[in-house]
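Quick look at run_21.txt (compact mmCIF, N, CA and C atoms):
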# COMPACT_ATOMS: atom_id res chain seq x y z
N MET T 6 95.05 105.17 112.73
CA MET T 6 95.40 104.59 111.44
C MET T 6 94.20 103.83 110.89
N ASN T 7 94.01 103.89 109.59
CA ASN T 7 92.91 103.17 108.94
C ASN T 7 93.22 101.68 108.86
N THR T 8 92.19 100.88 109.08
CA THR T 8 92.35 99.43 109.08
C THR T 8 91.37 98.81 108.10
N VAL T 9 91.89 97.89 107.29
CA VAL T 9 91.09 97.18 106.30
C VAL T 9 91.03 95.70 106.67
N LEU T 10 89.83 95.18 106.89
CA LEU T 10 89.66 93.76 107.15
C LEU T 10 89.72 93.02 105.82
N ILE T 11 90.48 91.93 105.79
CA ILE T 11 90.54 91.08 104.60
C ILE T 11 90.06 89.70 104.98
N LEU T 12 89.06 89.22 104.23
CA LEU T 12 88.53 87.87 104.40
C LEU T 12 88.73 87.15 103.07
N GLU T 13 89.69 86.23 103.04
CA GLU T 13 90.08 85.54 101.80
C GLU T 13 90.70 84.20 102.16
N ASP T 14 90.19 83.12 101.55
CA ASP T 14 90.68 81.79 101.90
C ASP T 14 91.81 81.28 101.02
N GLU T 15 92.13 81.96 99.94
CA GLU T 15 93.25 81.55 99.08
C GLU T 15 94.50 82.29 99.57
N PRO T 16 95.49 81.57 100.12
CA PRO T 16 96.65 82.23 100.74
C PRO T 16 97.39 83.21 99.82
N LEU T 17 97.61 82.86 98.57
CA LEU T 17 98.35 83.77 97.69
C LEU T 17 97.57 85.05 97.41
N ILE T 18 96.26 84.91 97.22
CA ILE T 18 95.42 86.10 97.00
C ILE T 18 95.39 86.94 98.27
N ALA T 19 95.27 86.30 99.42
CA ALA T 19 95.24 87.02 100.69
C ALA T 19 96.53 87.81 100.90
N MET T 20 97.68 87.18 100.61
CA MET T 20 98.96 87.87 100.77
C MET T 20 99.08 89.04 99.80
N SER T 21 98.61 88.85 98.59
CA SER T 21 98.66 89.92 97.59
C SER T 21 97.79 91.10 98.01
N MET T 22 96.58 90.80 98.50
CA MET T 22 95.68 91.86 98.96
C MET T 22 96.26 92.58 100.17
N GLN T 23 96.87 91.82 101.08
CA GLN T 23 97.48 92.44 102.26
C GLN T 23 98.59 93.39 101.83
N ALA T 24 99.45 92.95 100.92
CA ALA T 24 100.54 93.80 100.44
C ALA T 24 100.00 95.06 99.76
N LEU T 25 98.95 94.90 98.97
CA LEU T 25 98.33 96.05 98.29
C LEU T 25 97.84 97.08 99.29
N VAL T 26 97.13 96.62 100.32
CA VAL T 26 96.58 97.53 101.34
C VAL T 26 97.72 98.20 102.12
N GLU T 27 98.70 97.41 102.53
CA GLU T 27 99.80 97.96 103.31
C GLU T 27 100.63 98.94 102.49
N ASP T 28 100.77 98.67 101.19
CA ASP T 28 101.50 99.60 100.31
C ASP T 28 100.80 100.95 100.22
N GLN T 29 99.52 100.99 100.50
CA GLN T 29 98.77 102.24 100.49
C GLN T 29 98.87 102.98 101.83
N GLY T 30 99.57 102.37 102.80
CA GLY T 30 99.78 103.00 104.09
C GLY T 30 98.73 102.65 105.13
N TRP T 31 97.93 101.62 104.86
CA TRP T 31 96.88 101.23 105.80
C TRP T 31 97.24 99.93 106.49
N GLN T 32 96.62 99.70 107.64
CA GLN T 32 96.79 98.46 108.39
C GLN T 32 95.82 97.42 107.88
N VAL T 33 96.18 96.15 108.09
CA VAL T 33 95.30 95.04 107.73
C VAL T 33 94.88 94.31 109.00
N LEU T 34 93.60 94.02 109.10
CA LEU T 34 93.09 93.11 110.12
C LEU T 34 92.87 91.79 109.40
N GLY T 35 93.60 90.77 109.79
CA GLY T 35 93.59 89.51 109.08
C GLY T 35 94.90 89.35 108.34
N PRO T 36 94.88 88.75 107.18
CA PRO T 36 93.69 88.21 106.50
C PRO T 36 93.15 86.98 107.21
N PHE T 37 91.84 86.85 107.15
CA PHE T 37 91.14 85.72 107.74
C PHE T 37 90.70 84.77 106.64
N ALA T 38 90.74 83.48 106.93
CA ALA T 38 90.34 82.48 105.95
C ALA T 38 88.95 81.91 106.23
N THR T 39 88.38 82.28 107.40
CA THR T 39 87.05 81.76 107.74
C THR T 39 86.16 82.88 108.26
N VAL T 40 84.87 82.70 108.07
CA VAL T 40 83.88 83.64 108.60
C VAL T 40 83.99 83.69 110.12
N GLU T 41 84.15 82.54 110.75
CA GLU T 41 84.23 82.47 112.21
C GLU T 41 85.37 83.32 112.76
N ALA T 42 86.53 83.26 112.13
CA ALA T 42 87.68 84.04 112.60
C ALA T 42 87.43 85.54 112.45
N ALA T 43 86.89 85.95 111.31
CA ALA T 43 86.61 87.37 111.09
C ALA T 43 85.54 87.87 112.05
N LEU T 44 84.47 87.11 112.21
CA LEU T 44 83.41 87.51 113.13
C LEU T 44 83.93 87.60 114.56
N GLY T 45 84.79 86.67 114.94
CA GLY T 45 85.35 86.67 116.29
C GLY T 45 86.08 87.97 116.59
N GLU T 46 86.89 88.44 115.65
CA GLU T 46 87.62 89.69 115.83
C GLU T 46 86.67 90.88 115.89
N LEU T 47 85.71 90.90 114.96
CA LEU T 47 84.76 92.02 114.95
C LEU T 47 83.91 92.05 116.21
N GLU T 48 83.45 90.90 116.64
CA GLU T 48 82.61 90.85 117.84
C GLU T 48 83.41 91.15 119.10
N ALA T 49 84.74 90.95 119.05
CA ALA T 49 85.60 91.27 120.18
C ALA T 49 85.93 92.76 120.24
N GLY T 50 85.43 93.52 119.26
CA GLY T 50 85.60 94.96 119.30
C GLY T 50 86.60 95.53 118.32
N ALA T 51 87.13 94.72 117.43
CA ALA T 51 88.08 95.25 116.45
C ALA T 51 87.39 96.30 115.59
N ALA T 52 88.06 97.42 115.42
CA ALA T 52 87.51 98.50 114.60
C ALA T 52 88.14 98.45 113.21
N VAL T 53 87.32 98.57 112.19
CA VAL T 53 87.82 98.58 110.82
C VAL T 53 87.22 99.76 110.07
N SER T 54 88.00 100.27 109.11
CA SER T 54 87.55 101.38 108.28
C SER T 54 86.76 100.89 107.08
N CYS T 55 87.14 99.71 106.56
CA CYS T 55 86.43 99.08 105.46
C CYS T 55 86.90 97.63 105.36
N ALA T 56 86.32 96.87 104.42
CA ALA T 56 86.67 95.46 104.31
C ALA T 56 86.62 94.99 102.87
N LEU T 57 87.44 93.98 102.59
CA LEU T 57 87.44 93.27 101.32
C LEU T 57 87.08 91.82 101.64
N LEU T 58 85.94 91.37 101.13
CA LEU T 58 85.40 90.06 101.48
C LEU T 58 85.31 89.14 100.27
N ASP T 59 85.96 87.99 100.35
CA ASP T 59 85.77 86.96 99.34
C ASP T 59 84.35 86.44 99.50
N CYS T 60 83.63 86.33 98.40
CA CYS T 60 82.23 85.87 98.47
C CYS T 60 82.11 84.46 99.02
N ASN T 61 82.99 83.57 98.55
CA ASN T 61 82.89 82.15 98.91
C ASN T 61 84.21 81.67 99.49
N LEU T 62 84.13 81.21 100.71
CA LEU T 62 85.29 80.65 101.40
C LEU T 62 85.08 79.14 101.44
N GLY T 63 85.54 78.45 100.40
CA GLY T 63 85.21 77.04 100.27
C GLY T 63 83.72 76.93 100.02
N SER T 64 83.03 76.29 100.91
CA SER T 64 81.57 76.15 100.77
C SER T 64 80.83 77.15 101.64
N GLU T 65 81.56 78.05 102.29
CA GLU T 65 80.98 78.98 103.24
C GLU T 65 80.91 80.40 102.64
N PRO T 66 79.72 80.97 102.53
CA PRO T 66 79.63 82.35 102.03
C PRO T 66 80.03 83.34 103.12
N SER T 67 80.46 84.53 102.71
CA SER T 67 80.89 85.55 103.66
C SER T 67 79.74 86.44 104.15
N TRP T 68 78.51 86.06 103.87
CA TRP T 68 77.36 86.92 104.19
C TRP T 68 77.28 87.32 105.66
N PRO T 69 77.57 86.43 106.64
CA PRO T 69 77.46 86.88 108.04
C PRO T 69 78.39 88.06 108.36
N VAL T 70 79.59 88.07 107.79
CA VAL T 70 80.51 89.18 108.02
C VAL T 70 79.97 90.43 107.33
N ALA T 71 79.48 90.27 106.11
CA ALA T 71 78.90 91.40 105.38
C ALA T 71 77.71 91.98 106.13
N ASP T 72 76.87 91.13 106.68
CA ASP T 72 75.71 91.61 107.45
C ASP T 72 76.15 92.43 108.66
N LEU T 73 77.16 91.94 109.39
CA LEU T 73 77.63 92.67 110.57
C LEU T 73 78.23 94.01 110.17
N LEU T 74 79.04 94.01 109.12
CA LEU T 74 79.63 95.27 108.66
C LEU T 74 78.55 96.25 108.22
N ALA T 75 77.55 95.76 107.50
CA ALA T 75 76.46 96.62 107.04
C ALA T 75 75.71 97.25 108.21
N THR T 76 75.45 96.46 109.26
CA THR T 76 74.74 97.01 110.42
C THR T 76 75.57 98.07 111.14
N ARG T 77 76.89 97.97 111.01
CA ARG T 77 77.78 98.95 111.64
C ARG T 77 78.11 100.12 110.72
N GLY T 78 77.62 100.07 109.49
CA GLY T 78 77.88 101.15 108.55
C GLY T 78 79.30 101.17 108.01
N VAL T 79 79.96 100.01 108.03
CA VAL T 79 81.33 99.91 107.55
C VAL T 79 81.30 99.57 106.05
N PRO T 80 81.95 100.37 105.22
CA PRO T 80 81.99 100.08 103.78
C PRO T 80 82.74 98.77 103.51
N PHE T 81 82.25 98.01 102.53
CA PHE T 81 82.95 96.80 102.14
C PHE T 81 82.71 96.51 100.67
N ALA T 82 83.62 95.71 100.13
CA ALA T 82 83.51 95.26 98.74
C ALA T 82 83.73 93.76 98.73
N PHE T 83 83.12 93.11 97.75
CA PHE T 83 83.30 91.68 97.58
C PHE T 83 84.37 91.40 96.53
N THR T 84 85.05 90.29 96.69
CA THR T 84 85.90 89.75 95.64
C THR T 84 85.32 88.39 95.28
N SER T 85 85.34 88.08 94.00
CA SER T 85 84.69 86.83 93.58
C SER T 85 85.37 86.25 92.35
N GLY T 86 85.58 84.96 92.40
CA GLY T 86 86.07 84.24 91.24
C GLY T 86 84.93 83.83 90.34
N GLN T 87 83.71 84.12 90.78
CA GLN T 87 82.51 83.77 90.04
C GLN T 87 81.80 85.04 89.59
N SER T 88 80.60 84.88 89.18
CA SER T 88 79.81 86.00 88.69
C SER T 88 79.25 86.82 89.84
N SER T 89 79.05 88.12 89.60
CA SER T 89 78.42 88.95 90.62
C SER T 89 76.98 88.52 90.85
N ASN T 90 76.44 87.68 89.96
CA ASN T 90 75.09 87.14 90.15
C ASN T 90 75.02 86.20 91.33
N ASP T 91 76.17 85.74 91.82
CA ASP T 91 76.20 84.83 92.97
C ASP T 91 76.08 85.56 94.30
N ILE T 92 76.07 86.88 94.26
CA ILE T 92 75.96 87.66 95.49
C ILE T 92 74.50 87.73 95.91
N GLU T 93 74.29 87.57 97.20
CA GLU T 93 72.94 87.64 97.76
C GLU T 93 72.26 88.93 97.31
N PRO T 94 70.98 88.87 96.98
CA PRO T 94 70.27 90.07 96.50
C PRO T 94 70.38 91.27 97.45
N ARG T 95 70.42 91.02 98.75
CA ARG T 95 70.49 92.15 99.69
C ARG T 95 71.80 92.92 99.59
N PHE T 96 72.81 92.31 98.95
CA PHE T 96 74.10 92.98 98.79
C PHE T 96 74.32 93.50 97.38
N GLN T 97 73.35 93.37 96.51
CA GLN T 97 73.49 93.91 95.16
C GLN T 97 73.74 95.40 95.27
N GLY T 98 74.60 95.90 94.43
CA GLY T 98 74.94 97.31 94.49
C GLY T 98 76.23 97.57 95.25
N ARG T 99 76.69 96.58 96.03
CA ARG T 99 77.98 96.72 96.70
C ARG T 99 79.08 96.53 95.66
N PRO T 100 80.21 97.20 95.81
CA PRO T 100 81.30 96.98 94.86
C PRO T 100 81.73 95.52 94.85
N THR T 101 82.01 95.01 93.66
CA THR T 101 82.46 93.63 93.51
C THR T 101 83.62 93.60 92.53
N PHE T 102 84.70 92.96 92.94
CA PHE T 102 85.88 92.83 92.10
C PHE T 102 86.06 91.38 91.70
N GLY T 103 86.11 91.14 90.40
CA GLY T 103 86.34 89.79 89.91
C GLY T 103 87.80 89.40 90.09
N LYS T 104 87.99 88.11 90.17
CA LYS T 104 89.35 87.57 90.26
C LYS T 104 89.78 87.12 88.88
N PRO T 105 91.02 87.38 88.48
CA PRO T 105 92.07 87.99 89.28
C PRO T 105 91.77 89.46 89.59
N ILE T 106 92.17 89.86 90.78
CA ILE T 106 91.87 91.19 91.29
C ILE T 106 92.65 92.25 90.50
N ASP T 107 91.95 93.30 90.11
CA ASP T 107 92.58 94.45 89.46
C ASP T 107 93.01 95.41 90.58
N ASP T 108 94.31 95.48 90.83
CA ASP T 108 94.83 96.29 91.93
C ASP T 108 94.36 97.75 91.86
N GLU T 109 94.33 98.32 90.66
CA GLU T 109 93.94 99.72 90.53
C GLU T 109 92.49 99.95 90.96
N LYS T 110 91.61 99.01 90.65
CA LYS T 110 90.21 99.14 91.07
C LYS T 110 90.09 99.06 92.59
N VAL T 111 90.86 98.16 93.19
CA VAL T 111 90.83 98.04 94.65
C VAL T 111 91.37 99.32 95.29
N LYS T 112 92.46 99.86 94.74
CA LYS T 112 93.01 101.11 95.27
C LYS T 112 91.99 102.24 95.20
N ARG T 113 91.27 102.32 94.08
CA ARG T 113 90.24 103.37 93.95
C ARG T 113 89.15 103.18 95.00
N PHE T 114 88.73 101.92 95.22
CA PHE T 114 87.73 101.65 96.25
C PHE T 114 88.24 102.11 97.62
N LEU T 115 89.45 101.71 97.95
CA LEU T 115 90.00 102.08 99.26
C LEU T 115 90.06 103.59 99.42
N ARG T 116 90.53 104.28 98.40
CA ARG T 116 90.61 105.74 98.47
C ARG T 116 89.23 106.37 98.61
N SER T 117 88.24 105.74 98.04
CA SER T 117 86.89 106.32 98.07
C SER T 117 86.23 106.18 99.44
N VAL T 118 86.69 105.21 100.24
CA VAL T 118 86.01 104.97 101.52
C VAL T 118 86.88 105.20 102.73
N VAL T 119 88.19 105.32 102.53
CA VAL T 119 89.10 105.45 103.66
C VAL T 119 89.86 106.77 103.53
N GLN T 120 89.95 107.48 104.64
CA GLN T 120 90.68 108.74 104.65
C GLN T 120 92.13 108.49 104.29
N ASP T 121 92.69 109.34 103.46
CA ASP T 121 94.09 109.25 103.06
C ASP T 121 94.97 109.49 104.29
N PRO T 122 95.86 108.51 104.64
CA PRO T 122 96.69 108.69 105.83
C PRO T 122 97.56 109.95 105.75
N ALA T 123 97.98 110.33 104.57
CA ALA T 123 98.83 111.52 104.42
C ALA T 123 98.05 112.81 104.71
N ALA T 124 96.71 112.71 104.60
CA ALA T 124 95.88 113.90 104.84
C ALA T 124 95.66 114.15 106.33
N GLY T 125 96.09 113.17 107.15
CA GLY T 125 95.98 113.39 108.59
C GLY T 125 94.79 112.74 109.14
Take the structure I supplied and represent it as structure tokens, if you would.
Amino acid sequence: MNTVLILEDEPLIAMSMQALVEDQGWQVLGPFATVEAALGELEAGAAVSCALLDCNLGSEPSWPVADLLATRGVPFAFTSGQSSNDIEPRFQGRPTFGKPIDDEKVKRFLRSVVQDPAAG
């Protein structure tokens, strides 16, 4: 089964994103509210098909998780309540979804990077 990591510190947004992913037939790893929690799962061997990462978790950026995913070749997208200009230059070109999140855009991203569960 395909698994989507969610890193989001706002509980209502995290629950909404989890419901969106699960409604598409995929599993969720998380949602995690801290970089430390997400990194801990990934470093412990959790496998993910892709990830949705909030750019800023309070005062903590999600860059360490993005770096690890990038080194593993795992597709990911950022979510941001701010401008895409706030994303580190090394991540420019990665998909970024502004908040409030447009569910249809997220669904298209997921479909573009994750195998359709109905397809086997």
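Among T:Val118, T:Leu44, T:Val111, T:Ala71, the residue with the shortest atom-to-atom distance to Leu25 in chain T, counting only C-alpha atoms, is T:Val111.
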Checklist entry - Skipping near chain neighbours, those fewer than 4 positions away, what residues fall within 8 Å of Val70 in chain T using only C-alpha atoms, listed as a VMD selection string? => result chain T and resid 40 43 to 44 74
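The interatomic distance for the pair CA of Leu58 in chain T and CA of Pro80 in chain T works out to 10.8 Å.
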So that I can check the surroundings of range 36-38 of chain T, please list as a PDB file with N, CA and C atoms, in the coordinates of the input every protein, DNA and RNA residue that reaches within 8 Å of it, counting all atoms listed in the file and ignoring chain neighbours fewer than 4 positions away.
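Full text of out_32.pdb as output:
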ATOM      1  N   VAL T   9      91.890  97.890 107.290  1.00  0.00           N
ATOM      2  CA  VAL T   9      91.090  97.180 106.300  1.00  0.00           C
ATOM      3  C   VAL T   9      91.030  95.700 106.670  1.00  0.00           C
ATOM      4  N   LEU T  10      89.830  95.180 106.890  1.00  0.00           N
ATOM      5  CA  LEU T  10      89.660  93.760 107.150  1.00  0.00           C
ATOM      6  C   LEU T  10      89.720  93.020 105.820  1.00  0.00           C
ATOM      7  N   ILE T  11      90.480  91.930 105.790  1.00  0.00           N
ATOM      8  CA  ILE T  11      90.540  91.080 104.600  1.00  0.00           C
ATOM      9  C   ILE T  11      90.060  89.700 104.980  1.00  0.00           C
ATOM     10  N   LEU T  12      89.060  89.220 104.230  1.00  0.00           N
ATOM     11  CA  LEU T  12      88.530  87.870 104.400  1.00  0.00           C
ATOM     12  C   LEU T  12      88.730  87.150 103.070  1.00  0.00           C
ATOM     13  N   GLU T  13      89.690  86.230 103.040  1.00  0.00           N
ATOM     14  CA  GLU T  13      90.080  85.540 101.800  1.00  0.00           C
ATOM     15  C   GLU T  13      90.700  84.200 102.160  1.00  0.00           C
ATOM     16  N   ASP T  14      90.190  83.120 101.550  1.00  0.00           N
ATOM     17  CA  ASP T  14      90.680  81.790 101.900  1.00  0.00           C
ATOM     18  C   ASP T  14      91.810  81.280 101.020  1.00  0.00           C
ATOM     19  N   GLU T  15      92.130  81.960  99.940  1.00  0.00           N
ATOM     20  CA  GLU T  15      93.250  81.550  99.080  1.00  0.00           C
ATOM     21  C   GLU T  15      94.500  82.290  99.570  1.00  0.00           C
ATOM     22  N   PRO T  16      95.490  81.570 100.120  1.00  0.00           N
ATOM     23  CA  PRO T  16      96.650  82.230 100.740  1.00  0.00           C
ATOM     24  C   PRO T  16      97.390  83.210  99.820  1.00  0.00           C
ATOM     25  N   ALA T  19      95.270  86.300  99.420  1.00  0.00           N
ATOM     26  CA  ALA T  19      95.240  87.020 100.690  1.00  0.00           C
ATOM     27  C   ALA T  19      96.530  87.810 100.900  1.00  0.00           C
ATOM     28  N   MET T  20      97.680  87.180 100.610  1.00  0.00           N
ATOM     29  CA  MET T  20      98.960  87.870 100.770  1.00  0.00           C
ATOM     30  C   MET T  20      99.080  89.040  99.800  1.00  0.00           C
ATOM     31  N   GLN T  23      96.870  91.820 101.080  1.00  0.00           N
ATOM     32  CA  GLN T  23      97.480  92.440 102.260  1.00  0.00           C
ATOM     33  C   GLN T  23      98.590  93.390 101.830  1.00  0.00           C
ATOM     34  N   ALA T  42      86.530  83.260 112.130  1.00  0.00           N
ATOM     35  CA  ALA T  42      87.680  84.040 112.600  1.00  0.00           C
ATOM     36  C   ALA T  42      87.430  85.540 112.450  1.00  0.00           C
ATOM     37  N   ALA T  43      86.890  85.950 111.310  1.00  0.00           N
ATOM     38  CA  ALA T  43      86.610  87.370 111.090  1.00  0.00           C
ATOM     39  C   ALA T  43      85.540  87.870 112.050  1.00  0.00           C
ATOM     40  N   LEU T  62      84.130  81.210 100.710  1.00  0.00           N
ATOM     41  CA  LEU T  62      85.290  80.650 101.400  1.00  0.00           C
ATOM     42  C   LEU T  62      85.080  79.140 101.440  1.00  0.00           C
ATOM     43  N   GLY T  63      85.540  78.450 100.400  1.00  0.00           N
ATOM     44  CA  GLY T  63      85.210  77.040 100.270  1.00  0.00           C
ATOM     45  C   GLY T  63      83.720  76.930 100.020  1.00  0.00           C
TER      46      GLY T  63
END
Q: From a DSSP calculation on the backbone, collect every residue of range 36-69 of chain T in helix (DSSP H, G or I) and output the set as a PyMOL selection string.
A: chain T and resi 40-48+68-69
Across T:Gly86, T:Glu65, T:Ala24, T:Thr39, the smallest distance to Lys104 in chain T, with all atoms listed in the file counted, is shown by T:Gly86
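Using all atoms listed in the file, the shortest contact distance between Gly30 in chain T and any of T:Gly50, T:Gly45, T:Pro100, T:Thr8 is found at T:Thr8.
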Determine the nearest neighbour of Ile18 in chain T from the options T:Ile106, T:Arg77, T:Ser67, T:Thr101, counting all atoms listed in the file.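 With all atoms listed in the file as the atom set, the closest residue is T:Ile106.
Take the candidates T:Glu27, T:Leu17, T:Gln87, T:Trp68 and check each one against Leu115 in chain T using only C-alpha atoms; the shortest distance goes to T:Glu27.
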Next on the checklist: With distances taken over all atoms listed in the file, which residue among T:Ser54, T:Cys60, T:Leu47, T:Leu34 lies nearest Ile92 in chain T?
Outcome noted: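 Closest candidate: T:Cys60.
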Task: DSSP strand (DSSP E) residues within chain T, listed as a VMD selection string - done: chain T and resid 8 to 12 32 to 37 55 to 59 61 to 62 65 to 66 81 to 85 101 to 103
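A straight line drawn from atom C of Pro105 in chain T to atom N of Thr84 in chain T is 9.8 Å long.
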TODO: Using atom C of Asp91 in chain T and atom N of Asn61 in chain T as the two end points, give the distance in Å to one decimal.
DONE: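 According to the coordinates, atom C of Asp91 in chain T and atom N of Asn61 in chain T are separated by 8.4 Å.
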